[in-house]
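Visitor: Before anything else, here's the structure in question.
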Amino acid sequence: QLQAYGGGLVQAWTSLRLSCAASGRTFSSHAAGWFRQPPGKEREFVAAVTWSGEITYYTDSVKGRFAISRDNAKNTVYLQMNSLKPEDTAVYYCAVPAKLLRAPLSTIATVHDYDYWGQGTLVTVSS
């Protein structure tokens with residue numbers, strides 16, 4: 001089970017950190033990702049991290065502003081979001097693929113690449 005939390009209502013250009021805690025099983029050997037679904041739009045990829053946390057991959061629109069990380073001892077993945085913009089408003093989901101990653105993170109950048117999903121946490125950025 002994955003539980004995402006940390007969302008809320010914030011003003012533009014501020015920061016927020018999302019957390020995704022796993023329970024029931026460990027995902028420390030698996031890559032992990034964050035997705036988001038803006039109002040009225042499809043779910044889209046945001047960021048991914050390898051099992052070790054050493055390699056990350058981001059969609060262009062969040063590069064330089066967001067940072068994905070993980071603490072395997074806590075079975076938790078984080079998404080630090082800085083310089084938030086109104087267009088970042090969305091429900092944010094964490095996800096884990098069932099298969100172990102044996103390719104670049106760029107190869108797991110669609111919803112179809114992930115098997116386990118958290119329930120989502122809403123981030124609203126006001127201008």
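All residue names refer to the structure tokens as shown: chains lettered A, B, ... in order, residues numbered from 1 in each chain, ligands numbered from 1 in order.
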Set the distance at 8 Å and use only C-alpha atoms: which residues neighbour region 116-124 of chain A once local chain neighbours fewer than 5 positions away are removed? I'd like the list as a list in words.
Guide: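 The residues that qualify are Gln1, Leu2, Gln3, Ala4, Tyr5, Gly6, Gly7, Gly8, Leu9, Val10, Cys20, Pro86, Asp88, Thr89, Ala90, Val91, Tyr92, Tyr93, Cys94, Ala95, Val96, Pro97 and Ala98 of chain A.
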Visitor: Write the residues of the selection above to a file with C-alpha atoms, as a PDB file, in the first residue's frame.
Guide:
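Okay, selection.pdb is ready:
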```
ATOM      1  CA  GLN A   1       0.000   0.000   0.000  1.00  0.00           C
ATOM      2  CA  LEU A   2       1.146   3.509  -0.818  1.00  0.00           C
ATOM      3  CA  GLN A   3      -0.038   6.559   1.090  1.00  0.00           C
ATOM      4  CA  ALA A   4       0.650  10.019  -0.321  1.00  0.00           C
ATOM      5  CA  TYR A   5       0.275  13.084   1.857  1.00  0.00           C
ATOM      6  CA  GLY A   6       1.484  16.629   2.289  1.00  0.00           C
ATOM      7  CA  GLY A   7      -0.710  18.449  -0.204  1.00  0.00           C
ATOM      8  CA  GLY A   8      -2.521  21.660   0.517  1.00  0.00           C
ATOM      9  CA  LEU A   9      -3.310  25.186  -0.586  1.00  0.00           C
ATOM     10  CA  VAL A  10      -0.254  27.372  -1.098  1.00  0.00           C
ATOM     11  CA  CYS A  20       4.679   8.782  -0.038  1.00  0.00           C
ATOM     12  CA  PRO A  86      -0.646  27.910 -10.491  1.00  0.00           C
ATOM     13  CA  ASP A  88       1.225  22.938 -10.808  1.00  0.00           C
ATOM     14  CA  THR A  89      -2.253  22.634  -9.306  1.00  0.00           C
ATOM     15  CA  ALA A  90      -3.213  18.960  -9.466  1.00  0.00           C
ATOM     16  CA  VAL A  91      -3.797  15.796  -7.524  1.00  0.00           C
ATOM     17  CA  TYR A  92      -0.375  14.229  -7.030  1.00  0.00           C
ATOM     18  CA  TYR A  93       0.090  10.479  -6.978  1.00  0.00           C
ATOM     19  CA  CYS A  94       3.040   8.337  -6.063  1.00  0.00           C
ATOM     20  CA  ALA A  95       3.550   5.058  -7.853  1.00  0.00           C
ATOM     21  CA  VAL A  96       5.850   2.061  -8.004  1.00  0.00           C
ATOM     22  CA  PRO A  97       6.395  -0.367 -10.858  1.00  0.00           C
ATOM     23  CA  ALA A  98       6.133  -4.062 -10.049  1.00  0.00           C
TER      24      ALA A  98
END
```
Visitor: Which residues come within 9 Å of region 79-85 of chain A, counting only C-alpha atoms, excluding same-chain residues fewer than 5 positions away, as JSON, numbers by chain?
Guide: {"A": [10, 11, 12, 13, 14, 15, 16, 17, 18, 19, 20, 34, 47, 62, 64, 65, 66, 67, 68, 69, 70, 125, 126, 127]}
Visitor: Using only C-alpha atoms, which protein or nucleic acid residues come within 12 Å of Ala103 (chain A)? Drop anything in the same chain fewer than 5 positions from it, and give the result as number ranges by chain.
Guide: A: 31, 50, 55, 108-109
Visitor: Given the choices A:Asn75, A:Thr107, A:Ser29, A:Thr59, which gets closest to Glu44 (chain A) if the distance is worked out from only C-alpha atoms?
Guide: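 Ranking A:Asn75, A:Thr107, A:Ser29, A:Thr59 by distance to Glu44 (chain A), first place goes to A:Thr59.
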Visitor: Enter the distance from CA of Arg36 (chain A) to CA of Arg102 (chain A), in Å, rounded to one decimal.
Guide: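 Computed distance, CA of Arg36 (chain A) to CA of Arg102 (chain A), equals 24.4 Å.
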Visitor: In Å to one decimal, how far is CA of Phe27 (chain A) from CA of Lys41 (chain A)?
Guide: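 Those two atoms sit 28.7 Å apart.
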Visitor: Taking only C-alpha atoms into account, name the residue in A:Lys63, A:Ala21, A:Thr56, A:Gly33 that is nearest to Thr110 (chain A).
Guide: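 Counting only C-alpha atoms, the residue closest to Thr110 (chain A) is A:Gly33.
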Visitor: Going by DSSP on the backbone, which residues of chain A come out as helix (DSSP H, G or I)? List them as a list of chain:residue names.
Guide: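 The helix (DSSP H, G or I) residues within chain A come out as A:Asp60, A:Ser61, A:Val62, A:Pro86, A:Glu87, A:Asp88, A:Leu105, A:Ser106, A:Thr107, A:Val111, A:His112, A:Asp113.
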Visitor: Using DSSP on the backbone coordinates, identify the residues of chain A assigned to strand (DSSP E); present them as a ChimeraX atom specification.
Guide: /A:2-5,8-11,16-22,32-37,44-49,56-58,66-71,76-81,90-96,116-117,121-126
Visitor: As an exercise, work out the distance from CA of Tyr58 (chain A) to CA of Val46 (chain A) in Å and give it to one decimal place.
Guide: 5.8 Å
